[in-house]
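Q: Here you go, this is run-v5.tsv (TSV, N, CA and C atoms).
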```tsv
chain	number	residue	atom	x	y	z
A	16	MET	N	210.66	18.22	106.32
A	16	MET	CA	211.25	17.33	107.29
A	16	MET	C	212.07	18.19	108.25
A	17	ALA	N	211.45	18.69	109.25
A	17	ALA	CA	212.15	19.50	110.24
A	17	ALA	C	212.99	18.58	111.12
A	18	ARG	N	214.24	18.85	111.16
A	18	ARG	CA	215.14	18.05	111.99
A	18	ARG	C	215.45	18.84	113.25
A	19	ASP	N	215.40	18.15	114.37
A	19	ASP	CA	215.71	18.86	115.60
A	19	ASP	C	217.21	18.98	115.75
A	20	GLU	N	217.61	19.84	116.64
A	20	GLU	CA	219.03	20.11	116.82
A	20	GLU	C	219.79	18.89	117.30
A	21	THR	N	219.11	17.97	118.00
A	21	THR	CA	219.78	16.76	118.48
A	21	THR	C	220.30	15.94	117.31
A	22	THR	N	219.51	15.78	116.26
A	22	THR	CA	219.93	15.02	115.09
A	22	THR	C	221.11	15.69	114.42
A	23	LEU	N	221.03	16.98	114.21
A	23	LEU	CA	222.12	17.70	113.56
A	23	LEU	C	223.38	17.70	114.42
A	24	THR	N	223.21	17.83	115.72
A	24	THR	CA	224.36	17.78	116.62
A	24	THR	C	225.02	16.41	116.56
A	25	ARG	N	224.21	15.36	116.56
A	25	ARG	CA	224.75	13.99	116.49
A	25	ARG	C	225.53	13.77	115.20
A	26	ILE	N	225.01	14.28	114.09
A	26	ILE	CA	225.73	14.17	112.82
A	26	ILE	C	227.06	14.89	112.91
A	27	SER	N	227.04	16.10	113.45
A	27	SER	CA	228.26	16.88	113.59
A	27	SER	C	229.30	16.16	114.46
A	28	VAL	N	228.84	15.60	115.56
A	28	VAL	CA	229.73	14.87	116.47
A	28	VAL	C	230.31	13.63	115.77
A	29	LEU	N	229.47	12.88	115.06
A	29	LEU	CA	229.95	11.70	114.35
A	29	LEU	C	231.00	12.05	113.30
A	30	VAL	N	230.78	13.13	112.58
A	30	VAL	CA	231.75	13.56	111.57
A	30	VAL	C	233.10	13.83	112.23
A	31	GLU	N	233.08	14.49	113.37
A	31	GLU	CA	234.32	14.78	114.10
A	31	GLU	C	234.95	13.52	114.69
A	32	GLU	N	234.16	12.76	115.45
A	32	GLU	CA	234.69	11.58	116.15
A	32	GLU	C	235.22	10.51	115.21
A	33	GLU	N	234.56	10.33	114.09
A	33	GLU	CA	234.92	9.26	113.17
A	33	GLU	C	235.77	9.73	112.00
A	34	SER	N	236.17	11.00	112.03
A	34	SER	CA	236.97	11.58	110.95
A	34	SER	C	236.34	11.33	109.58
A	35	ILE	N	235.05	11.57	109.50
A	35	ILE	CA	234.31	11.38	108.26
A	35	ILE	C	234.68	12.49	107.29
A	36	GLY	N	234.95	12.11	106.05
A	36	GLY	CA	235.40	13.08	105.07
A	36	GLY	C	234.31	13.63	104.17
A	37	CYS	N	233.12	13.00	104.19
A	37	CYS	CA	232.03	13.44	103.34
A	37	CYS	C	230.73	12.86	103.88
A	38	VAL	N	229.66	13.62	103.79
A	38	VAL	CA	228.34	13.16	104.20
A	38	VAL	C	227.48	13.05	102.95
A	39	VAL	N	226.84	11.90	102.78
A	39	VAL	CA	225.96	11.67	101.63
A	39	VAL	C	224.52	11.66	102.13
A	40	VAL	N	223.70	12.53	101.56
A	40	VAL	CA	222.30	12.64	101.93
A	40	VAL	C	221.46	12.16	100.75
A	41	GLY	N	220.54	11.25	101.02
A	41	GLY	CA	219.67	10.75	99.96
A	41	GLY	C	218.73	11.81	99.45
A	42	ARG	N	218.45	11.75	98.16
A	42	ARG	CA	217.51	12.69	97.54
A	42	ARG	C	216.42	11.89	96.84
A	43	PRO	N	215.28	11.76	97.49
A	43	PRO	CA	214.19	10.99	96.90
A	43	PRO	C	213.46	11.80	95.84
A	44	VAL	N	213.43	11.25	94.65
A	44	VAL	CA	212.63	11.86	93.58
A	44	VAL	C	211.74	10.78	93.00
A	45	ALA	N	210.69	11.19	92.33
A	45	ALA	CA	209.78	10.24	91.69
A	45	ALA	C	210.54	9.51	90.58
A	46	LEU	N	210.05	8.34	90.21
A	46	LEU	CA	210.68	7.59	89.13
A	46	LEU	C	210.80	8.42	87.85
A	47	SER	N	209.87	9.33	87.66
A	47	SER	CA	209.88	10.21	86.49
A	47	SER	C	210.99	11.25	86.57
A	48	GLY	N	211.58	11.40	87.75
A	48	GLY	CA	212.59	12.43	87.97
A	48	GLY	C	212.02	13.71	88.55
A	49	ASN	N	210.71	13.77	88.68
A	49	ASN	CA	210.07	14.95	89.25
A	49	ASN	C	210.27	15.02	90.75
A	50	GLU	N	210.32	16.25	91.25
A	50	GLU	CA	210.44	16.45	92.69
A	50	GLU	C	209.10	16.19	93.36
A	51	THR	N	209.19	15.78	94.63
A	51	THR	CA	208.01	15.54	95.45
A	51	THR	C	208.17	16.32	96.74
A	52	SER	N	207.20	16.21	97.63
A	52	SER	CA	207.34	16.87	98.93
A	52	SER	C	208.51	16.25	99.70
A	53	SER	N	208.75	14.95	99.52
A	53	SER	CA	209.89	14.31	100.17
A	53	SER	C	211.21	14.86	99.63
A	54	THR	N	211.24	15.19	98.36
A	54	THR	CA	212.44	15.79	97.76
A	54	THR	C	212.73	17.12	98.43
A	55	ARG	N	211.69	17.92	98.58
A	55	ARG	CA	211.86	19.24	99.20
A	55	ARG	C	212.30	19.10	100.66
A	56	ASP	N	211.76	18.11	101.36
A	56	ASP	CA	212.18	17.86	102.74
A	56	ASP	C	213.66	17.47	102.78
A	57	ALA	N	214.07	16.60	101.87
A	57	ALA	CA	215.46	16.16	101.82
A	57	ALA	C	216.39	17.32	101.47
A	58	ASP	N	215.94	18.19	100.58
A	58	ASP	CA	216.74	19.37	100.23
A	58	ASP	C	216.95	20.27	101.45
A	59	ALA	N	215.89	20.44	102.24
A	59	ALA	CA	216.00	21.26	103.45
A	59	ALA	C	216.97	20.61	104.45
A	60	PHE	N	216.86	19.29	104.60
A	60	PHE	CA	217.77	18.58	105.51
A	60	PHE	C	219.21	18.70	105.02
A	61	PHE	N	219.42	18.56	103.73
A	61	PHE	CA	220.74	18.71	103.12
A	61	PHE	C	221.34	20.07	103.50
A	62	SER	N	220.55	21.11	103.38
A	62	SER	CA	221.02	22.46	103.73
A	62	SER	C	221.36	22.57	105.21
A	63	GLN	N	220.53	21.94	106.06
A	63	GLN	CA	220.79	21.98	107.49
A	63	GLN	C	222.09	21.25	107.83
A	64	VAL	N	222.32	20.10	107.22
A	64	VAL	CA	223.55	19.34	107.48
A	64	VAL	C	224.75	20.16	107.03
A	65	ARG	N	224.66	20.76	105.86
A	65	ARG	CA	225.78	21.59	105.37
A	65	ARG	C	226.14	22.69	106.35
A	66	GLY	N	225.15	23.14	107.12
A	66	GLY	CA	225.39	24.21	108.07
A	66	GLY	C	226.06	23.78	109.36
A	67	VAL	N	226.15	22.46	109.61
A	67	VAL	CA	226.70	22.01	110.89
A	67	VAL	C	227.98	21.19	110.77
A	68	VAL	N	228.42	20.89	109.55
A	68	VAL	CA	229.65	20.12	109.38
A	68	VAL	C	230.63	20.88	108.51
A	69	ASN	N	231.89	20.54	108.67
A	69	ASN	CA	232.95	21.21	107.90
A	69	ASN	C	233.57	20.27	106.88
A	70	VAL	N	232.75	19.39	106.33
A	70	VAL	CA	233.19	18.48	105.28
A	70	VAL	C	232.19	18.61	104.13
A	71	PRO	N	232.56	18.13	102.96
A	71	PRO	CA	231.59	18.17	101.87
A	71	PRO	C	230.33	17.38	102.20
A	72	VAL	N	229.19	17.90	101.78
A	72	VAL	CA	227.91	17.21	101.93
A	72	VAL	C	227.33	17.14	100.52
A	73	VAL	N	227.02	15.93	100.08
A	73	VAL	CA	226.48	15.74	98.74
A	73	VAL	C	225.13	15.06	98.80
A	74	GLN	N	224.32	15.31	97.80
A	74	GLN	CA	223.05	14.61	97.68
A	74	GLN	C	223.19	13.54	96.61
A	75	TRP	N	222.50	12.42	96.83
A	75	TRP	CA	222.57	11.32	95.88
A	75	TRP	C	221.18	10.74	95.66
A	76	ASP	N	220.87	10.48	94.43
A	76	ASP	CA	219.58	9.94	94.04
A	76	ASP	C	219.36	8.60	94.73
A	77	GLU	N	218.26	8.47	95.45
A	77	GLU	CA	218.00	7.22	96.17
A	77	GLU	C	216.86	6.41	95.55
A	78	ARG	N	216.51	6.75	94.30
A	78	ARG	CA	215.43	6.01	93.63
A	78	ARG	C	215.73	4.52	93.60
A	79	LEU	N	214.72	3.74	93.88
A	79	LEU	CA	214.72	2.28	93.81
A	79	LEU	C	215.57	1.58	94.89
A	80	THR	N	216.19	2.33	95.79
A	80	THR	CA	217.01	1.67	96.80
A	80	THR	C	216.16	0.87	97.79
A	81	THR	N	214.97	1.35	98.12
A	81	THR	CA	214.11	0.60	99.03
A	81	THR	C	213.69	-0.71	98.37
A	82	ARG	N	213.32	-0.65	97.11
A	82	ARG	CA	212.93	-1.86	96.40
A	82	ARG	C	214.10	-2.85	96.34
A	83	ASP	N	215.30	-2.35	96.04
A	83	ASP	CA	216.47	-3.21	95.98
A	83	ASP	C	216.80	-3.80	97.35
A	84	ALA	N	216.62	-3.01	98.40
A	84	ALA	CA	216.87	-3.50	99.76
A	84	ALA	C	215.88	-4.60	100.13
A	85	GLN	N	214.62	-4.39	99.81
A	85	GLN	CA	213.62	-5.42	100.10
A	85	GLN	C	213.94	-6.71	99.36
A	86	LYS	N	214.35	-6.59	98.12
A	86	LYS	CA	214.71	-7.77	97.32
A	86	LYS	C	215.91	-8.50	97.94
A	87	SER	N	216.94	-7.75	98.33
A	87	SER	CA	218.13	-8.35	98.92
A	87	SER	C	217.81	-9.06	100.23
A	88	LEU	N	217.00	-8.43	101.05
A	88	LEU	CA	216.63	-9.03	102.34
A	88	LEU	C	215.79	-10.29	102.12
A	89	SER	N	214.92	-10.25	101.14
A	89	SER	CA	214.13	-11.42	100.81
A	89	SER	C	215.02	-12.56	100.32
A	90	GLU	N	215.97	-12.22	99.45
A	90	GLU	CA	216.90	-13.22	98.94
A	90	GLU	C	217.77	-13.81	100.04
A	91	ALA	N	217.97	-13.03	101.11
A	91	ALA	CA	218.75	-13.50	102.25
A	91	ALA	C	217.92	-14.39	103.17
A	92	GLY	N	216.64	-14.58	102.82
A	92	GLY	CA	215.78	-15.48	103.57
A	92	GLY	C	214.94	-14.83	104.64
A	93	LEU	N	214.94	-13.51	104.73
A	93	LEU	CA	214.12	-12.84	105.73
A	93	LEU	C	212.70	-12.66	105.20
A	94	THR	N	211.74	-12.85	106.07
A	94	THR	CA	210.35	-12.60	105.71
A	94	THR	C	210.13	-11.09	105.69
A	95	THR	N	209.03	-10.67	105.11
A	95	THR	CA	208.71	-9.24	105.08
A	95	THR	C	208.66	-8.68	106.49
A	96	LYS	N	208.05	-9.41	107.40
A	96	LYS	CA	207.96	-8.95	108.79
A	96	LYS	C	209.35	-8.84	109.41
A	97	GLU	N	210.20	-9.82	109.18
A	97	GLU	CA	211.55	-9.81	109.76
A	97	GLU	C	212.41	-8.68	109.18
A	98	SER	N	212.18	-8.35	107.92
A	98	SER	CA	213.04	-7.35	107.28
A	98	SER	C	212.53	-5.92	107.46
A	99	ARG	N	211.31	-5.76	107.96
A	99	ARG	CA	210.70	-4.44	108.06
A	99	ARG	C	211.61	-3.42	108.75
A	100	ASP	N	212.23	-3.80	109.86
A	100	ASP	CA	213.07	-2.87	110.61
A	100	ASP	C	214.43	-2.65	109.96
A	101	ARG	N	214.76	-3.45	108.96
A	101	ARG	CA	216.09	-3.38	108.34
A	101	ARG	C	216.09	-2.72	106.97
A	102	VAL	N	214.93	-2.50	106.41
A	102	VAL	CA	214.84	-2.01	105.04
A	102	VAL	C	215.51	-0.65	104.87
A	103	ASP	N	215.24	0.29	105.75
A	103	ASP	CA	215.82	1.62	105.61
A	103	ASP	C	217.34	1.58	105.70
A	104	SER	N	217.87	0.81	106.64
A	104	SER	CA	219.32	0.68	106.77
A	104	SER	C	219.92	0.04	105.53
A	105	ALA	N	219.27	-1.01	105.03
A	105	ALA	CA	219.77	-1.69	103.84
A	105	ALA	C	219.71	-0.75	102.63
A	106	ALA	N	218.65	0.03	102.52
A	106	ALA	CA	218.53	0.99	101.42
A	106	ALA	C	219.62	2.05	101.51
A	107	ALA	N	219.96	2.48	102.71
A	107	ALA	CA	221.04	3.47	102.88
A	107	ALA	C	222.38	2.89	102.45
A	108	VAL	N	222.60	1.62	102.77
A	108	VAL	CA	223.85	0.96	102.36
A	108	VAL	C	223.92	0.91	100.83
A	109	ILE	N	222.81	0.56	100.19
A	109	ILE	CA	222.77	0.49	98.72
A	109	ILE	C	223.02	1.86	98.12
A	110	MET	N	222.40	2.90	98.68
A	110	MET	CA	222.60	4.25	98.17
A	110	MET	C	224.06	4.67	98.30
A	111	LEU	N	224.67	4.39	99.44
A	111	LEU	CA	226.07	4.75	99.65
A	111	LEU	C	226.97	3.98	98.68
A	112	GLN	N	226.68	2.70	98.47
A	112	GLN	CA	227.47	1.92	97.52
A	112	GLN	C	227.33	2.48	96.12
A	113	ASN	N	226.10	2.88	95.76
A	113	ASN	CA	225.89	3.50	94.44
A	113	ASN	C	226.71	4.77	94.31
A	114	TYR	N	226.76	5.57	95.38
A	114	TYR	CA	227.56	6.79	95.38
A	114	TYR	C	229.04	6.46	95.18
A	115	LEU	N	229.54	5.50	95.94
A	115	LEU	CA	230.95	5.12	95.82
A	115	LEU	C	231.27	4.57	94.44
A	116	ASP	N	230.36	3.76	93.90
A	116	ASP	CA	230.54	3.24	92.54
A	116	ASP	C	230.58	4.38	91.53
A	117	GLY	N	229.77	5.40	91.76
A	117	GLY	CA	229.76	6.56	90.89
A	117	GLY	C	231.08	7.32	90.95
A	118	LEU	N	231.69	7.37	92.11
A	118	LEU	CA	233.00	8.03	92.24
A	118	LEU	C	234.06	7.24	91.47
A	119	ASN	N	234.00	5.93	91.58
A	119	ASN	CA	234.99	5.09	90.90
A	119	ASN	C	234.84	5.11	89.40
A	120	ALA	N	233.65	5.45	88.91
A	120	ALA	CA	233.40	5.49	87.47
A	120	ALA	C	233.97	6.76	86.84
A	121	GLU	N	234.26	7.75	87.68
A	121	GLU	CA	234.76	9.02	87.13
A	121	GLU	C	236.21	8.94	86.73
```
What would you get if you wrote out this structure as structure tokens?
A:
Amino acid sequence: MARDETTLTRISVLVEEESIGCVVVGRPVALSGNETSSTRDADAFFSQVRGVVNVPVVQWDERLTTRDAQKSLSEAGLTTKESRDRVDSAAAVIMLQNYLDGLNAE
């Protein structure tokens, strides 16, 4: 997953402008826990982000977040077509909440 400099610059600017204290990057792995090509792409992106921000950058397991997002959107009454553009954002919210819940469990 080659990220262009515009994406990395935007992340860096957001971290500064919004006083973000940590960046969480999803790490897609197979249900078995095995790495995939998407895992390797996410690892490369994680390294790139770490190179452009001065805050901690962590990776978090994003398994099943898309499925959970689709379920939540369906339960909210959206059709598959209506929710298509929202699934990735909803999955990111679920992943971030899982990360925060994990911090509170420590």
Q: Which centre and which edge lengths, in Å to one decimal, describe the axis-aligned box that holds all listed atoms of segment 41-52 of chain A after 6 Å is added on each side, as lines of an AutoDock Vina configuration file?
A:
```
center_x = 213.9
center_y = 12.2
center_z = 93.8
size_x = 25.3
size_y = 21.3
size_z = 26.5
```
Q: Residues of segment 19-92 of chain A that approach segment 103-106 of chain A to 8 Å or less, counting only C-alpha atoms: could you list each one with the shortest pair of atoms and its distance in Å to one decimal, rows by chain and increasing residue number, as JSON lines?
A:
```
{"residue": "A:Thr80", "atom": "CA", "partner": "A:Ala106", "partner_atom": "CA", "distance": 4.9}
{"residue": "A:Thr81", "atom": "CA", "partner": "A:Ala106", "partner_atom": "CA", "distance": 5.0}
{"residue": "A:Asp83", "atom": "CA", "partner": "A:Ala106", "partner_atom": "CA", "distance": 7.2}
{"residue": "A:Ala84", "atom": "CA", "partner": "A:Ala106", "partner_atom": "CA", "distance": 5.1}
```
Q: Going by DSSP on the backbone, which bits of segment 49-105 of chain A are strand (DSSP E or B)? Write them as an mmCIF file with N, CA and C atoms, in the coordinates of the input, please.
A:
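The resulting part31.cif:
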```
data_model
loop_
_atom_site.group_PDB
_atom_site.id
_atom_site.type_symbol
_atom_site.label_atom_id
_atom_site.label_comp_id
_atom_site.auth_asym_id
_atom_site.auth_seq_id
_atom_site.Cartn_x
_atom_site.Cartn_y
_atom_site.Cartn_z
ATOM 1 N N VAL A 72 229.190 17.900 101.780
ATOM 2 C CA VAL A 72 227.910 17.210 101.930
ATOM 3 C C VAL A 72 227.330 17.140 100.520
ATOM 4 N N VAL A 73 227.020 15.930 100.080
ATOM 5 C CA VAL A 73 226.480 15.740 98.740
ATOM 6 C C VAL A 73 225.130 15.060 98.800
ATOM 7 N N GLN A 74 224.320 15.310 97.800
ATOM 8 C CA GLN A 74 223.050 14.610 97.680
ATOM 9 C C GLN A 74 223.190 13.540 96.610
ATOM 10 N N TRP A 75 222.500 12.420 96.830
ATOM 11 C CA TRP A 75 222.570 11.320 95.880
ATOM 12 C C TRP A 75 221.180 10.740 95.660
ATOM 13 N N ASP A 76 220.870 10.480 94.430
ATOM 14 C CA ASP A 76 219.580 9.940 94.040
ATOM 15 C C ASP A 76 219.360 8.600 94.730
#
```
Q: Find the residue from A:Pro43, A:Gly117, A:Val30, A:Val38 that sits nearest to Leu79 of chain A; use all atoms listed in the file when measuring.
A: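 Among the listed residues, A:Pro43 lies closest to Leu79 of chain A.
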Q: Taking all atoms listed in the file into account, which of A:Ala91, A:Gly48, A:Glu77, A:Asp56 comes nearest Ile109 of chain A?
A: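 Looking at the shortest contact to Ile109 of chain A, the residue is A:Glu77.
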Q: Between A:Arg78, A:Val28, A:Asp19, A:Ser62, which is the closest to Arg42 of chain A once you count only N, CA and C atoms?
A: A:Arg78
Q: Which residues are near Val40 of chain A? Cut-off 10 Å, only C-alpha atoms, ignore same chain within fewer than 5 positions. Put them as a PyMOL selection string.
A: chain A and resi 57-58+60-61+64+72-77+107+110-111
Q: Considering only N, CA and C atoms, return as a list in words whatever protein or nucleic-acid residues lie within 8 Å of Ile26 of chain A, sequence-local ones (same chain, fewer than 4 positions apart) excluded.
A: Glu20, Thr21, Thr22, Val30, Glu31, Glu32, Val64, Val67 and Val68 of chain A
Q: Could you jot down the atom N of Thr95 of chain A to atom N of Arg82 of chain A separation for me, Å, one decimal place?
A: 13.5 Å
